[in-house]
Amino acid sequence: MTMTDPTRTGATLTATRRITVPDPASAPHPKPRFTIGAVVRVVGLGLWLIITLFPLYWIALTSIKSPGTINSFPLEYWPSEPSFENYVSLFEKSSFGVFLANSALVAVIGGAVATLIALLSAYVLARFQFRGKGAILIAFLLTQMIPAFIALGPLYSMMSDLGLVDTRPGLILVYIAICIPFSTVMLRGFFENVPDALEEAAMIDGCSRLGALFRVLVPVMTPGIIAAFIFNFVNCWNELFLSVVLINTDANRTVPSALNGFISTFNIDWGSMSAAAVLTILPTMVMFALASRWIVQGLTAGAVKE
């Protein structure tokens with residue numbers, strides 16, 4: 001019988017493994033394959049990106065041109081002498097700072113209140129069964145298909161009777177009513193992706209239903225709530241039609257209706273309008289960037305999914 005030293009055998013196996021296992025760095029890498037489909041996809045996406053970004057670039061370019069070179073020919077795709085004269089004259093010739101403050105106030109309050117009300121209504125629609133639930137959801141969806149000008153007459157009459165025409169609270173109330181249906185349907189989808197076990201465990205531990213909502217579900221729902229608020233904020237910030245009709249004085253005017261004031265019967269102040277458009281677009285771009293971040297984070301981040 002031949003005896004084998006275990007230590008020597010293990011060393012031999014280890015040495016064998018080290019010799020036979022190939023080095024990943026030395027392994028041949030496959031060459032990239034350029035197919036017709038890949039080329040078409042890249043070219044198409046590039047053209048789409050150019051078509052999408054060029055108007056934004058042209059607005060920003062016009063805003064930093066001197067007023068005398070805006071309509072010059074041949075066109076300049078980059079100003080030889082960039083100037084911020086349009087931004088300075090924007091605040092000197094108009095109350096644009098007041099318009100920005102009004103838009104921020106209306107968008108923040110309207111978006112926050114609409115999100116809170118939608119959160120409660122979406123919770124009821126997601127967790128309870130009652131008669132007429134389907135009809136309510138259909139009504140919420142139908143409101144998104146009705147143009148705002150159809151209800152303009154009754155809305156203006158009602159706001160006039162309440163003394164809310166040409167007031168910021170009146171505009172906020174209208175925006176809240178507009179944002180609630182969409183936010184409710186959106187948050188209901190988020191609620192339905194949150195496990196019932198989280199809420200049931202909180203109620204077993206002594207929380208009321210409302211306490212379980214705000215202590216357990218709301219932290220889990222943070223990405224959805226923030227996304228809903230951002231969409232509401234952007235809708236309130238960009239809305240033009242109702243703000244033009246319901247607001248008459250510069251003291252209460254918002255940015256979209258103020259931009260309309262740069263267009264007169266015989267002239268358009270392209271420089272000031274472009275500068276105002278840049279300052280108007282920046283908050284919405286930031287908000288959409290934040291919305292993408294929170295949505296990608298997940299519907300139920302940090303929760304155990306069933």
# chains A, B, ... in the order shown; residues from 1 in each chain; ligands from 1
>>> select_by_dssp(residues="segment 225-275 of chain A", states="alpha helix (DSSP H)", output="VMD selection string")
chain A and resid 225 to 238 241 to 246 255 to 260 270 to 275
>>> closest_atom_pairs(of="segment 229-277 of chain A", to="segment 167-191 of chain A", cutoff="10 Å", atoms="only C-alpha atoms", output="JSON lines")
{"residue": "A:Phe229", "atom": "CA", "partner": "A:Ser183", "partner_atom": "CA", "distance": 8.2}
{"residue": "A:Phe231", "atom": "CA", "partner": "A:Ser183", "partner_atom": "CA", "distance": 8.4}
{"residue": "A:Asn232", "atom": "CA", "partner": "A:Cys179", "partner_atom": "CA", "distance": 6.1}
{"residue": "A:Phe233", "atom": "CA", "partner": "A:Cys179", "partner_atom": "CA", "distance": 9.2}
{"residue": "A:Asn235", "atom": "CA", "partner": "A:Cys179", "partner_atom": "CA", "distance": 7.8}
{"residue": "A:Cys236", "atom": "CA", "partner": "A:Tyr175", "partner_atom": "CA", "distance": 6.3}
{"residue": "A:Trp237", "atom": "CA", "partner": "A:Tyr175", "partner_atom": "CA", "distance": 9.8}
{"residue": "A:Glu239", "atom": "CA", "partner": "A:Tyr175", "partner_atom": "CA", "distance": 8.8}
{"residue": "A:Leu242", "atom": "CA", "partner": "A:Leu171", "partner_atom": "CA", "distance": 8.0}
{"residue": "A:Ser243", "atom": "CA", "partner": "A:Leu171", "partner_atom": "CA", "distance": 7.1}
{"residue": "A:Leu246", "atom": "CA", "partner": "A:Leu171", "partner_atom": "CA", "distance": 7.2}
{"residue": "A:Ile247", "atom": "CA", "partner": "A:Thr167", "partner_atom": "CA", "distance": 6.8}
{"residue": "A:Asn248", "atom": "CA", "partner": "A:Thr167", "partner_atom": "CA", "distance": 9.0}
{"residue": "A:Thr249", "atom": "CA", "partner": "A:Thr167", "partner_atom": "CA", "distance": 9.2}
{"residue": "A:Ala251", "atom": "CA", "partner": "A:Thr167", "partner_atom": "CA", "distance": 9.2}
{"residue": "A:Asn252", "atom": "CA", "partner": "A:Arg168", "partner_atom": "CA", "distance": 6.2}
{"residue": "A:Arg253", "atom": "CA", "partner": "A:Arg168", "partner_atom": "CA", "distance": 8.5}
{"residue": "A:Thr254", "atom": "CA", "partner": "A:Arg168", "partner_atom": "CA", "distance": 9.3}
>>> write_last_selection(atoms="all heavy atoms", output="short mmCIF file (atom, residue, chain, number, x, y, z; two decimals), in the first residue's frame")
data_model
loop_
_atom_site.label_atom_id
_atom_site.label_comp_id
_atom_site.auth_asym_id
_atom_site.auth_seq_id
_atom_site.Cartn_x
_atom_site.Cartn_y
_atom_site.Cartn_z
N PHE A 229 -45.49 65.35 -6.80
CA PHE A 229 -45.35 66.78 -6.50
C PHE A 229 -44.63 67.50 -7.62
O PHE A 229 -45.00 68.62 -8.01
CB PHE A 229 -44.61 66.99 -5.18
CG PHE A 229 -44.18 68.41 -4.95
CD1 PHE A 229 -45.12 69.38 -4.58
CD2 PHE A 229 -42.87 68.80 -5.15
CE1 PHE A 229 -44.74 70.70 -4.39
CE2 PHE A 229 -42.47 70.12 -4.96
CZ PHE A 229 -43.42 71.07 -4.58
N PHE A 231 -44.45 66.71 -10.82
CA PHE A 231 -45.33 66.85 -11.97
C PHE A 231 -46.38 67.93 -11.73
O PHE A 231 -46.69 68.72 -12.63
CB PHE A 231 -46.00 65.51 -12.29
CG PHE A 231 -45.10 64.55 -13.00
CD1 PHE A 231 -44.79 63.32 -12.45
CD2 PHE A 231 -44.56 64.86 -14.23
CE1 PHE A 231 -43.96 62.43 -13.09
CE2 PHE A 231 -43.73 63.98 -14.90
CZ PHE A 231 -43.42 62.75 -14.31
N ASN A 232 -46.93 68.00 -10.53
CA ASN A 232 -47.88 69.05 -10.21
C ASN A 232 -47.24 70.43 -10.26
O ASN A 232 -47.83 71.40 -10.75
CB ASN A 232 -48.49 68.81 -8.82
CG ASN A 232 -49.40 67.60 -8.79
OD1 ASN A 232 -49.96 67.21 -9.82
ND2 ASN A 232 -49.56 67.01 -7.63
N PHE A 233 -46.02 70.52 -9.73
CA PHE A 233 -45.30 71.80 -9.76
C PHE A 233 -45.09 72.27 -11.19
O PHE A 233 -45.34 73.44 -11.53
CB PHE A 233 -43.96 71.65 -9.04
CG PHE A 233 -43.11 72.89 -9.06
CD1 PHE A 233 -43.19 73.81 -8.04
CD2 PHE A 233 -42.23 73.12 -10.12
CE1 PHE A 233 -42.40 74.96 -8.06
CE2 PHE A 233 -41.44 74.26 -10.15
CZ PHE A 233 -41.53 75.18 -9.12
N ASN A 235 -46.76 71.43 -13.90
CA ASN A 235 -48.03 71.78 -14.52
C ASN A 235 -48.50 73.17 -14.09
O ASN A 235 -48.98 73.96 -14.91
CB ASN A 235 -49.09 70.74 -14.17
CG ASN A 235 -48.88 69.43 -14.89
OD1 ASN A 235 -48.28 69.39 -15.96
ND2 ASN A 235 -49.35 68.33 -14.31
N CYS A 236 -48.37 73.47 -12.80
CA CYS A 236 -48.76 74.79 -12.31
C CYS A 236 -47.82 75.87 -12.83
O CYS A 236 -48.25 77.00 -13.12
CB CYS A 236 -48.78 74.81 -10.78
SG CYS A 236 -49.99 73.72 -10.01
N TRP A 237 -46.56 75.56 -12.94
CA TRP A 237 -45.57 76.54 -13.39
C TRP A 237 -45.77 76.90 -14.86
O TRP A 237 -45.62 78.07 -15.25
CB TRP A 237 -44.17 75.98 -13.17
CG TRP A 237 -43.05 76.89 -13.58
CD1 TRP A 237 -42.49 77.00 -14.82
CD2 TRP A 237 -42.35 77.83 -12.75
NE1 TRP A 237 -41.49 77.93 -14.83
CE2 TRP A 237 -41.37 78.46 -13.56
CE3 TRP A 237 -42.44 78.18 -11.41
CZ2 TRP A 237 -40.50 79.42 -13.06
CZ3 TRP A 237 -41.57 79.13 -10.91
CH2 TRP A 237 -40.62 79.75 -11.73
N GLU A 239 -48.60 76.48 -16.79
CA GLU A 239 -49.97 76.72 -17.25
C GLU A 239 -50.14 78.17 -17.73
O GLU A 239 -49.77 79.10 -17.04
CB GLU A 239 -50.96 76.41 -16.13
CG GLU A 239 -52.37 76.11 -16.61
CD GLU A 239 -53.13 77.36 -17.02
OE1 GLU A 239 -52.94 78.39 -16.34
OE2 GLU A 239 -53.89 77.30 -17.99
N LEU A 242 -55.40 79.49 -18.29
CA LEU A 242 -56.19 79.96 -17.16
C LEU A 242 -55.57 81.17 -16.49
O LEU A 242 -56.28 82.06 -16.00
CB LEU A 242 -56.38 78.83 -16.15
CG LEU A 242 -57.22 77.65 -16.62
CD1 LEU A 242 -57.22 76.54 -15.59
CD2 LEU A 242 -58.66 78.09 -16.91
N SER A 243 -54.25 81.23 -16.45
CA SER A 243 -53.60 82.38 -15.82
C SER A 243 -53.85 83.66 -16.62
O SER A 243 -54.00 84.74 -16.03
CB SER A 243 -52.10 82.13 -15.68
OG SER A 243 -51.49 81.99 -16.95
N LEU A 246 -57.75 84.50 -15.83
CA LEU A 246 -58.13 84.81 -14.45
C LEU A 246 -57.30 85.91 -13.81
O LEU A 246 -57.69 86.45 -12.78
CB LEU A 246 -58.03 83.54 -13.59
CG LEU A 246 -58.95 82.39 -13.98
CD1 LEU A 246 -58.70 81.18 -13.09
CD2 LEU A 246 -60.42 82.82 -13.88
N ILE A 247 -56.12 86.23 -14.38
CA ILE A 247 -55.25 87.26 -13.80
C ILE A 247 -55.17 88.44 -14.76
O ILE A 247 -54.89 88.27 -15.95
CB ILE A 247 -53.84 86.69 -13.54
CG1 ILE A 247 -53.92 85.49 -12.60
CG2 ILE A 247 -52.95 87.76 -12.95
CD1 ILE A 247 -54.46 85.80 -11.22
N ASN A 248 -55.39 89.64 -14.20
CA ASN A 248 -55.43 90.84 -15.04
C ASN A 248 -54.34 91.85 -14.73
O ASN A 248 -53.98 92.67 -15.59
CB ASN A 248 -56.79 91.54 -14.89
CG ASN A 248 -57.95 90.63 -15.24
OD1 ASN A 248 -57.87 89.85 -16.20
ND2 ASN A 248 -59.02 90.69 -14.46
N THR A 249 -53.80 91.86 -13.54
CA THR A 249 -52.83 92.87 -13.13
C THR A 249 -51.44 92.26 -13.02
O THR A 249 -51.29 91.06 -12.75
CB THR A 249 -53.23 93.50 -11.78
OG1 THR A 249 -53.29 92.48 -10.78
CG2 THR A 249 -54.58 94.18 -11.89
N ALA A 251 -49.34 92.70 -10.68
CA ALA A 251 -49.00 92.32 -9.31
C ALA A 251 -49.27 90.84 -9.04
O ALA A 251 -48.62 90.24 -8.17
CB ALA A 251 -49.79 93.18 -8.31
N ASN A 252 -50.21 90.24 -9.78
CA ASN A 252 -50.56 88.83 -9.58
C ASN A 252 -50.22 87.95 -10.77
O ASN A 252 -50.49 86.76 -10.75
CB ASN A 252 -52.06 88.70 -9.29
CG ASN A 252 -52.48 89.44 -8.04
OD1 ASN A 252 -51.79 89.39 -7.03
ND2 ASN A 252 -53.60 90.15 -8.10
N ARG A 253 -49.60 88.52 -11.77
CA ARG A 253 -49.34 87.78 -13.01
C ARG A 253 -48.22 86.76 -12.82
O ARG A 253 -47.27 86.99 -12.07
CB ARG A 253 -48.97 88.75 -14.13
CG ARG A 253 -49.16 88.17 -15.53
CD ARG A 253 -48.82 89.22 -16.57
NE ARG A 253 -49.66 90.39 -16.45
CZ ARG A 253 -50.89 90.48 -16.94
NH1 ARG A 253 -51.43 89.46 -17.60
NH2 ARG A 253 -51.59 91.59 -16.80
N THR A 254 -48.35 85.62 -13.49
CA THR A 254 -47.32 84.58 -13.44
C THR A 254 -46.43 84.66 -14.68
O THR A 254 -46.71 85.42 -15.62
CB THR A 254 -47.96 83.19 -13.34
OG1 THR A 254 -48.84 82.99 -14.45
CG2 THR A 254 -48.74 83.05 -12.04
#
>>> closest_residue(among="A:Ala122, A:Leu240, A:Val234, A:Val88", to="Leu282 of chain A", atoms="only C-alpha atoms")
A:Val234
>>> atom_distance(atom1="atom CA of Thr280 of chain A", atom2="atom CA of Gly44 of chain A")
29.4 Å
>>> closest_residue(among="A:Pro223, A:Val218, A:Val108, A:Ile64", to="Leu120 of chain A", atoms="only C-alpha atoms")
A:Val218
>>> closest_residue(among="A:Leu100, A:Leu210, A:Val216, A:Ile225", to="Ala258 of chain A", atoms="only C-alpha atoms")
A:Leu100
>>> closest_residue(among="A:Phe149, A:Phe262, A:Tyr77, A:Trp270", to="Phe241 of chain A", atoms="only C-alpha atoms")
A:Phe149
